[in-house]
Amino acid sequence: MQRTFEEISVTAIAPSPFNPRKSFSGAKFDELVASIANVGVLEPVLVRPVDGKTPFELVAGERRWRARMTVAEANGGVESATIPAMVQPMDDDTALDIQTIENLQREDLDGLEEAQAFKIFVDRKGVDAIPELAQRTGIKEQYIRRRLMILRLPKKILTAWGKGELKYGHLEQLARMDDKQQRMQVFDKMIQESRHRPVSVSALKDMIQRISPALKSARFDIEAEGCLTCTQNTGVQIKLFDMGSGDDHCNRPACFKQKQSAHLLKTWSRTKYPKKFGTTGFRFDDEVGWNDCHHFWGSDRIAEKCRSCENHLSILYLSGESSEDRACFGDEACFKAAKASKSSDTGAAASGNSRPEKQDGPRVAWHGKYFREAFFQEQLPQRFETVVPGSITANQVALFTIVKGNGRIHDWYMERHPRTGKKLYAHSDFTRLDSEALFSLIAGMDMLHIKDEINAVALQAILSDDYATEERGMVARHIGIDLAGEWRFTAEYLDKKTKAEMMAFGESFGLFEDPQAQAFLADTLKRKAFKACKKGELIRVFLESGADTSGMVPGEILGDPPADCANDS
């Protein structure tokens, strides 16, 4: 249908319920208000006639309308204020089409608003309309579907994203978690840690993986149970999220635990635990507190009546490995009586009244470790004084200490030594480095190899999430990296900036006065003024014009304090 141009009272227009943009404040909006106050509204808004309290509804241009309202309120009131408008009769579907496409193609929506724009469109037209939306906007279908999936996350997480506290990659990692309670626990922990230093996407991935059981530790048949095709298998999720490779883990721990428990119960009699320790069953370590049971020690023997007691259990990690070989979950009096009875049996054996049994270990289990540790605490400081600084021995110890003490580089170090591979990790635990295997590897290196390894490990540690950006900056300055002189604009950086921000960069740094930039504007872009350029064209001016941008470094890159009125887009 035809559009007609009219000057319409701002009070005769109502905003659209379909508009995904919710934020109408910040530096960019203030710039628009100032422009309208000076020269008026240059581009008409698009409205449609509707039945209701107001005769018109906005289809496109809500920011201009709100900015015009702000100017009118500052100049005495909105009653007499008007705004240029194109009026076009249209139904809801047509309005939604125009509004969605206009927003996605022309407006700098933030990530949450963009995802909500997709959702509004799909909710009204159905998921079958996603290919149509992709074709009309030039946005890939996979991109749209992934953003729609993110909107299933709790409001608390999405709000943090909208505030800039999370990156999109954080959301995809959290969305992979099936356990809602566990997901919120991870999110809260990440936000808490972020108060001290940012938590990267890879660090969040590691955090999730540490609480997700490795499928290699399953005692049950993972193929028969459908784990190999399950969407909560990280190996399956990698194909969707493209988050790297590694051992497959289960992001549905409750399901894994149920299957592991069922298998162990079914096969318990064939495991080592009832045969060696006389236990009648098990509990998982995450279900048991220290005071929930009575503990046996190395010198405690198995009383005969314990072998048939339903409260005489092993405590296992979710992997099926032992956390505590045996513990008593029964009455304290019974536990003490059983130990006393066994002590009497041992005493009788010693007096010759019965045959003595072989003792499994020392009478007090902790003595050996305690006094061994005391010896090391005394001797190591003395012996280190005799180690020649820079010798192969000193460097081997230094390398072992750096690698062992930095959990962020453990996976990287394993990949650096593929011949050693999984041997660097403790048996059945692919998140914990095997100290003995690591030390053996390092002790076998020669001096040249050790020096190369120290340099490589130190660099990897500096690049890991254990370092903050400011700390990396200290190292960079120390080795001669000049941030102010060497930094350059990149496509990724400029793409995250608004057109207004790029205009401010170009004007403040004098880029737009550069002859090469001006020639590029006229000859290549066919534009008369930089402000007439679209965002993509401005990016090309920065990157392709040939103008010298050395020394043009925004304050935020140098770490300058933010301005009082920061851009919130």
# chains A, B, ... in the order shown; residues from 1 in each chain; ligands from 1

$ residues_around --residues "A:Thr267" --least-positions-apart "4" --cutoff "12 Å" --atoms "only C-alpha atoms" --output "list in words"
Arg219, Phe220, Gln260, Ser261, Ala262, His263, Thr271, Lys272, Tyr273, Pro274, Thr280, Gly281, Phe282 and Gly320 of chain A

$ write_last_selection --atoms "N, CA and C atoms" --output "short mmCIF file (atom, residue, chain, number, x, y, z; two decimals), in the first residue's frame"
data_model
loop_
_atom_site.label_atom_id
_atom_site.label_comp_id
_atom_site.auth_asym_id
_atom_site.auth_seq_id
_atom_site.Cartn_x
_atom_site.Cartn_y
_atom_site.Cartn_z
N ARG A 219 31.25 -47.02 34.32
CA ARG A 219 31.35 -48.48 34.46
C ARG A 219 30.28 -49.17 33.61
N PHE A 220 29.26 -48.42 33.22
CA PHE A 220 28.18 -48.97 32.40
C PHE A 220 28.52 -48.82 30.92
N GLN A 260 25.47 -45.02 36.65
CA GLN A 260 26.63 -45.57 37.32
C GLN A 260 26.21 -46.36 38.56
N SER A 261 25.27 -45.80 39.31
CA SER A 261 24.78 -46.45 40.52
C SER A 261 24.10 -47.77 40.21
N ALA A 262 23.24 -47.75 39.18
CA ALA A 262 22.51 -48.98 38.82
C ALA A 262 23.48 -50.08 38.41
N HIS A 263 24.51 -49.71 37.65
CA HIS A 263 25.48 -50.72 37.21
C HIS A 263 26.28 -51.27 38.40
N THR A 271 32.89 -56.87 42.30
CA THR A 271 33.92 -55.85 42.44
C THR A 271 34.88 -56.24 43.56
N LYS A 272 35.96 -55.47 43.70
CA LYS A 272 36.97 -55.76 44.72
C LYS A 272 36.48 -55.41 46.13
N TYR A 273 35.50 -54.54 46.23
CA TYR A 273 35.14 -53.99 47.53
C TYR A 273 34.57 -55.04 48.50
N PRO A 274 33.57 -55.84 48.11
CA PRO A 274 33.09 -56.86 49.05
C PRO A 274 34.12 -57.95 49.32
N THR A 280 29.04 -54.17 51.99
CA THR A 280 27.84 -54.73 51.37
C THR A 280 27.22 -53.80 50.33
N GLY A 281 27.76 -52.62 50.19
CA GLY A 281 27.22 -51.68 49.22
C GLY A 281 28.07 -50.40 49.22
N PHE A 282 27.51 -49.31 48.71
CA PHE A 282 28.29 -48.08 48.58
C PHE A 282 27.40 -46.85 48.66
N GLY A 320 33.59 -44.22 40.26
CA GLY A 320 33.61 -45.60 40.73
C GLY A 320 34.86 -45.95 41.50
#

$ residues_around --residues "A:Ala74" --least-positions-apart "4" --cutoff "12 Å" --atoms "only C-alpha atoms" --output "PDB file with C-alpha atoms, in the first residue's frame"
ATOM      1  CA  VAL A  33      18.553  14.256  21.278  1.00  0.00           C
ATOM      2  CA  ALA A  34      21.155  17.001  20.733  1.00  0.00           C
ATOM      3  CA  ALA A  37      17.269  19.873  19.244  1.00  0.00           C
ATOM      4  CA  ALA A  67      14.280  11.734  21.338  1.00  0.00           C
ATOM      5  CA  ARG A  68      11.714  14.183  19.875  1.00  0.00           C
ATOM      6  CA  MET A  69       9.581  13.704  23.003  1.00  0.00           C
ATOM      7  CA  THR A  70      12.634  14.457  25.175  1.00  0.00           C
ATOM      8  CA  VAL A  78       4.723  17.632  24.259  1.00  0.00           C
ATOM      9  CA  ALA A  81       5.084  18.929  19.394  1.00  0.00           C
TER      10      ALA A  81
END

$ closest_residue --among "A:Trp161, A:Gly226, A:Cys309, A:Tyr493" --to "A:Glu556" --atoms "only C-alpha atoms"
A:Tyr493

$ closest_residue --among "A:Gly169, A:Ala461, A:Glu225, A:Tyr413" --to "A:Val475" --atoms "only C-alpha atoms"
A:Ala461

$ closest_residue --among "A:Gln173, A:Ser35, A:Ser308, A:Thr401" --to "A:Phe439" --atoms "only C-alpha atoms"
A:Thr401

$ residues_around --residues "A:Glu62" --least-positions-apart "3" --cutoff "10 Å" --atoms "only C-alpha atoms" --output "list in words"
Ile13, Ala14, Pro15, Ser16, Asn19, Arg21, Phe24, Val45, Leu46, Val47, Glu57, Leu58, Val59, Trp65, Arg66, Ala67 and Arg68 of chain A

$ select_by_dssp --residues "stretch 78-210 of chain A" --states "strand (DSSP E or B)" --output "compact mmCIF listing (two decimals) with N, CA and C atoms, in the first residue's frame"
# COMPACT_ATOMS: atom_id res chain seq x y z
N THR A 82 5.27 18.04 17.15
CA THR A 82 4.97 17.12 16.06
C THR A 82 6.25 16.43 15.58
N ILE A 83 6.06 15.42 14.75
CA ILE A 83 7.20 14.70 14.19
C ILE A 83 6.85 14.28 12.77
N PRO A 84 7.79 14.39 11.83
CA PRO A 84 7.50 13.95 10.46
C PRO A 84 7.32 12.43 10.43
N ALA A 85 6.31 11.96 9.72
CA ALA A 85 6.00 10.53 9.71
C ALA A 85 5.50 10.08 8.35
N MET A 86 5.89 8.87 7.98
CA MET A 86 5.31 8.19 6.82
C MET A 86 4.21 7.28 7.36
N VAL A 87 3.00 7.46 6.85
CA VAL A 87 1.85 6.69 7.33
C VAL A 87 1.52 5.62 6.30

$ closest_residue --among "A:Ile191, A:Leu153, A:Leu148, A:Ala547" --to "A:Glu165" --atoms "only C-alpha atoms"
A:Ile191

$ residues_around --residues "A:Asp292" --least-positions-apart "4" --cutoff "10 Å" --atoms "only C-alpha atoms" --output "count of residues only"
6

$ closest_residue --among "A:Leu438, A:Gln116, A:Lys180, A:Val71" --to "A:Phe400" --atoms "only C-alpha atoms"
A:Leu438

$ closest_residue --among "A:Ala458, A:Ile450, A:Ile442, A:Met502" --to "A:Ile402" --atoms "only C-alpha atoms"
A:Ala458

$ residues_around --residues "A:Tyr317" --least-positions-apart "3" --cutoff "10 Å" --atoms "only C-alpha atoms" --output "PDB file with N, CA and C atoms, in the first residue's frame"
ATOM      1  N   PRO A 213      31.224 -35.477  34.944  1.00  0.00           N
ATOM      2  CA  PRO A 213      31.989 -36.729  34.911  1.00  0.00           C
ATOM      3  C   PRO A 213      32.462 -37.095  33.508  1.00  0.00           C
ATOM      4  N   ARG A 283      28.048 -45.729  48.873  1.00  0.00           N
ATOM      5  CA  ARG A 283      27.434 -44.418  48.692  1.00  0.00           C
ATOM      6  C   ARG A 283      28.444 -43.544  47.944  1.00  0.00           C
ATOM      7  N   PHE A 284      27.919 -42.570  47.199  1.00  0.00           N
ATOM      8  CA  PHE A 284      28.815 -41.671  46.478  1.00  0.00           C
ATOM      9  C   PHE A 284      29.326 -40.573  47.404  1.00  0.00           C
ATOM     10  N   ASP A 285      30.553 -40.164  47.134  1.00  0.00           N
ATOM     11  CA  ASP A 285      31.254 -39.192  47.963  1.00  0.00           C
ATOM     12  C   ASP A 285      30.498 -37.870  48.112  1.00  0.00           C
ATOM     13  N   ASP A 286      29.812 -37.429  47.044  1.00  0.00           N
ATOM     14  CA  ASP A 286      29.122 -36.137  47.109  1.00  0.00           C
ATOM     15  C   ASP A 286      27.870 -36.174  47.985  1.00  0.00           C
ATOM     16  N   GLU A 287      27.485 -37.359  48.442  1.00  0.00           N
ATOM     17  CA  GLU A 287      26.303 -37.501  49.295  1.00  0.00           C
ATOM     18  C   GLU A 287      26.667 -37.620  50.768  1.00  0.00           C
ATOM     19  N   GLY A 320      33.587 -44.223  40.259  1.00  0.00           N
ATOM     20  CA  GLY A 320      33.608 -45.603  40.730  1.00  0.00           C
ATOM     21  C   GLY A 320      34.861 -45.946  41.498  1.00  0.00           C
ATOM     22  N   GLU A 321      35.847 -45.027  41.512  1.00  0.00           N
ATOM     23  CA  GLU A 321      37.052 -45.239  42.298  1.00  0.00           C
ATOM     24  C   GLU A 321      36.770 -44.953  43.776  1.00  0.00           C
ATOM     25  N   SER A 322      37.579 -45.504  44.633  1.00  0.00           N
ATOM     26  CA  SER A 322      37.338 -45.409  46.070  1.00  0.00           C
ATOM     27  C   SER A 322      37.731 -44.054  46.651  1.00  0.00           C
ATOM     28  N   SER A 323      36.824 -43.475  47.405  1.00  0.00           N
ATOM     29  CA  SER A 323      37.139 -42.314  48.230  1.00  0.00           C
ATOM     30  C   SER A 323      37.499 -42.791  49.633  1.00  0.00           C
ATOM     31  N   GLU A 324      36.773 -43.798  50.111  1.00  0.00           N
ATOM     32  CA  GLU A 324      37.040 -44.422  51.403  1.00  0.00           C
ATOM     33  C   GLU A 324      36.618 -45.881  51.272  1.00  0.00           C
TER      34      GLU A 324
END

$ residues_around --residues "A:Glu471" --least-positions-apart "5" --cutoff "10 Å" --atoms "only C-alpha atoms" --output "tab-separated table (two decimals) with C-alpha atoms, in the first residue's frame"
chain	number	residue	atom	x	y	z
A	462	ILE	CA	51.19	-15.56	31.22
A	466	ASP	CA	45.42	-16.87	36.01
A	476	ALA	CA	54.68	-6.83	27.91

$ select_by_dssp --residues "stretch 412-568 of chain A" --states "helix (DSSP H, G or I)" --output "NGL selection string"
:A and (412-416 or 421-424 or 435-443 or 447-463 or 469-478 or 483-486 or 491-495 or 499-508 or 511-513 or 515-524 or 530-532 or 535-544 or 555-558)

$ residues_around --residues "stretch 516-529 of chain A" --least-positions-apart "3" --cutoff "9 Å" --atoms "only C-alpha atoms" --output "number ranges by chain"
A: 511-513, 532-533, 537, 541-542, 544-548

$ write_last_selection --atoms "N, CA and C atoms" --output "short mmCIF file (atom, residue, chain, number, x, y, z; two decimals), in the first residue's frame"
data_model
loop_
_atom_site.label_atom_id
_atom_site.label_comp_id
_atom_site.auth_asym_id
_atom_site.auth_seq_id
_atom_site.Cartn_x
_atom_site.Cartn_y
_atom_site.Cartn_z
N LEU A 511 42.01 11.46 11.67
CA LEU A 511 42.02 10.52 10.55
C LEU A 511 41.30 11.10 9.35
N PHE A 512 40.19 11.79 9.59
CA PHE A 512 39.37 12.28 8.48
C PHE A 512 40.04 13.44 7.74
N GLU A 513 41.12 13.96 8.30
CA GLU A 513 41.87 15.02 7.62
C GLU A 513 43.01 14.46 6.78
N ALA A 532 28.19 10.67 6.21
CA ALA A 532 27.21 10.04 5.33
C ALA A 532 27.49 8.56 5.13
N CYS A 533 28.65 8.10 5.60
CA CYS A 533 29.02 6.69 5.45
C CYS A 533 28.22 5.79 6.36
N GLU A 537 31.23 1.09 5.89
CA GLU A 537 32.10 1.93 5.08
C GLU A 537 33.13 2.65 5.94
N VAL A 541 37.31 2.72 5.87
CA VAL A 541 38.17 3.91 5.92
C VAL A 541 39.33 3.67 6.87
N PHE A 542 39.02 3.11 8.05
CA PHE A 542 40.06 2.85 9.05
C PHE A 542 41.07 1.82 8.57
N GLU A 544 41.30 0.21 5.20
CA GLU A 544 41.68 0.02 3.80
C GLU A 544 42.16 1.29 3.10
N SER A 545 41.97 2.45 3.71
CA SER A 545 42.28 3.69 3.00
C SER A 545 43.77 3.93 2.81
N GLY A 546 44.60 3.28 3.62
CA GLY A 546 46.04 3.51 3.55
C GLY A 546 46.51 4.63 4.46
N ALA A 547 45.57 5.28 5.14
CA ALA A 547 45.94 6.34 6.08
C ALA A 547 46.73 5.75 7.23
N ASP A 548 47.70 6.50 7.73
CA ASP A 548 48.55 6.04 8.83
C ASP A 548 47.79 6.18 10.15
#

$ atom_distance --atom1 "atom CA of A:Lys369" --atom2 "atom CA of A:Ile392"
29.1 Å

$ atom_distance --atom1 "atom CA of A:Gly289" --atom2 "atom CA of A:Leu174"
28.0 Å

$ decode --residues "stretch 286-310 of chain A" --atoms "C-alpha atoms" --output "PDB file, in the first residue's frame"
ATOM      1  CA  ASP A 286      29.122 -36.137  47.109  1.00  0.00           C
ATOM      2  CA  GLU A 287      26.303 -37.501  49.295  1.00  0.00           C
ATOM      3  CA  VAL A 288      28.396 -38.037  52.416  1.00  0.00           C
ATOM      4  CA  GLY A 289      29.640 -35.516  54.960  1.00  0.00           C
ATOM      5  CA  TRP A 290      32.443 -36.322  57.404  1.00  0.00           C
ATOM      6  CA  ASN A 291      30.006 -36.659  60.314  1.00  0.00           C
ATOM      7  CA  ASP A 292      27.539 -38.821  58.406  1.00  0.00           C
ATOM      8  CA  CYS A 293      29.424 -42.021  59.136  1.00  0.00           C
ATOM      9  CA  HIS A 294      32.046 -43.647  61.372  1.00  0.00           C
ATOM     10  CA  HIS A 295      35.487 -44.055  59.858  1.00  0.00           C
ATOM     11  CA  PHE A 296      37.881 -46.991  59.885  1.00  0.00           C
ATOM     12  CA  TRP A 297      41.669 -46.520  59.834  1.00  0.00           C
ATOM     13  CA  GLY A 298      44.445 -48.538  58.274  1.00  0.00           C
ATOM     14  CA  SER A 299      45.023 -50.704  61.358  1.00  0.00           C
ATOM     15  CA  ASP A 300      41.317 -51.430  61.888  1.00  0.00           C
ATOM     16  CA  ARG A 301      40.475 -55.019  60.924  1.00  0.00           C
ATOM     17  CA  ILE A 302      37.094 -56.198  59.624  1.00  0.00           C
ATOM     18  CA  ALA A 303      34.838 -57.665  62.293  1.00  0.00           C
ATOM     19  CA  GLU A 304      33.002 -60.735  61.040  1.00  0.00           C
ATOM     20  CA  LYS A 305      29.555 -59.297  61.745  1.00  0.00           C
ATOM     21  CA  CYS A 306      30.360 -56.228  59.607  1.00  0.00           C
ATOM     22  CA  ARG A 307      30.582 -58.376  56.469  1.00  0.00           C
ATOM     23  CA  SER A 308      26.830 -58.930  56.427  1.00  0.00           C
ATOM     24  CA  CYS A 309      25.807 -55.529  57.819  1.00  0.00           C
ATOM     25  CA  GLU A 310      23.859 -53.256  55.464  1.00  0.00           C
TER      26      GLU A 310
END
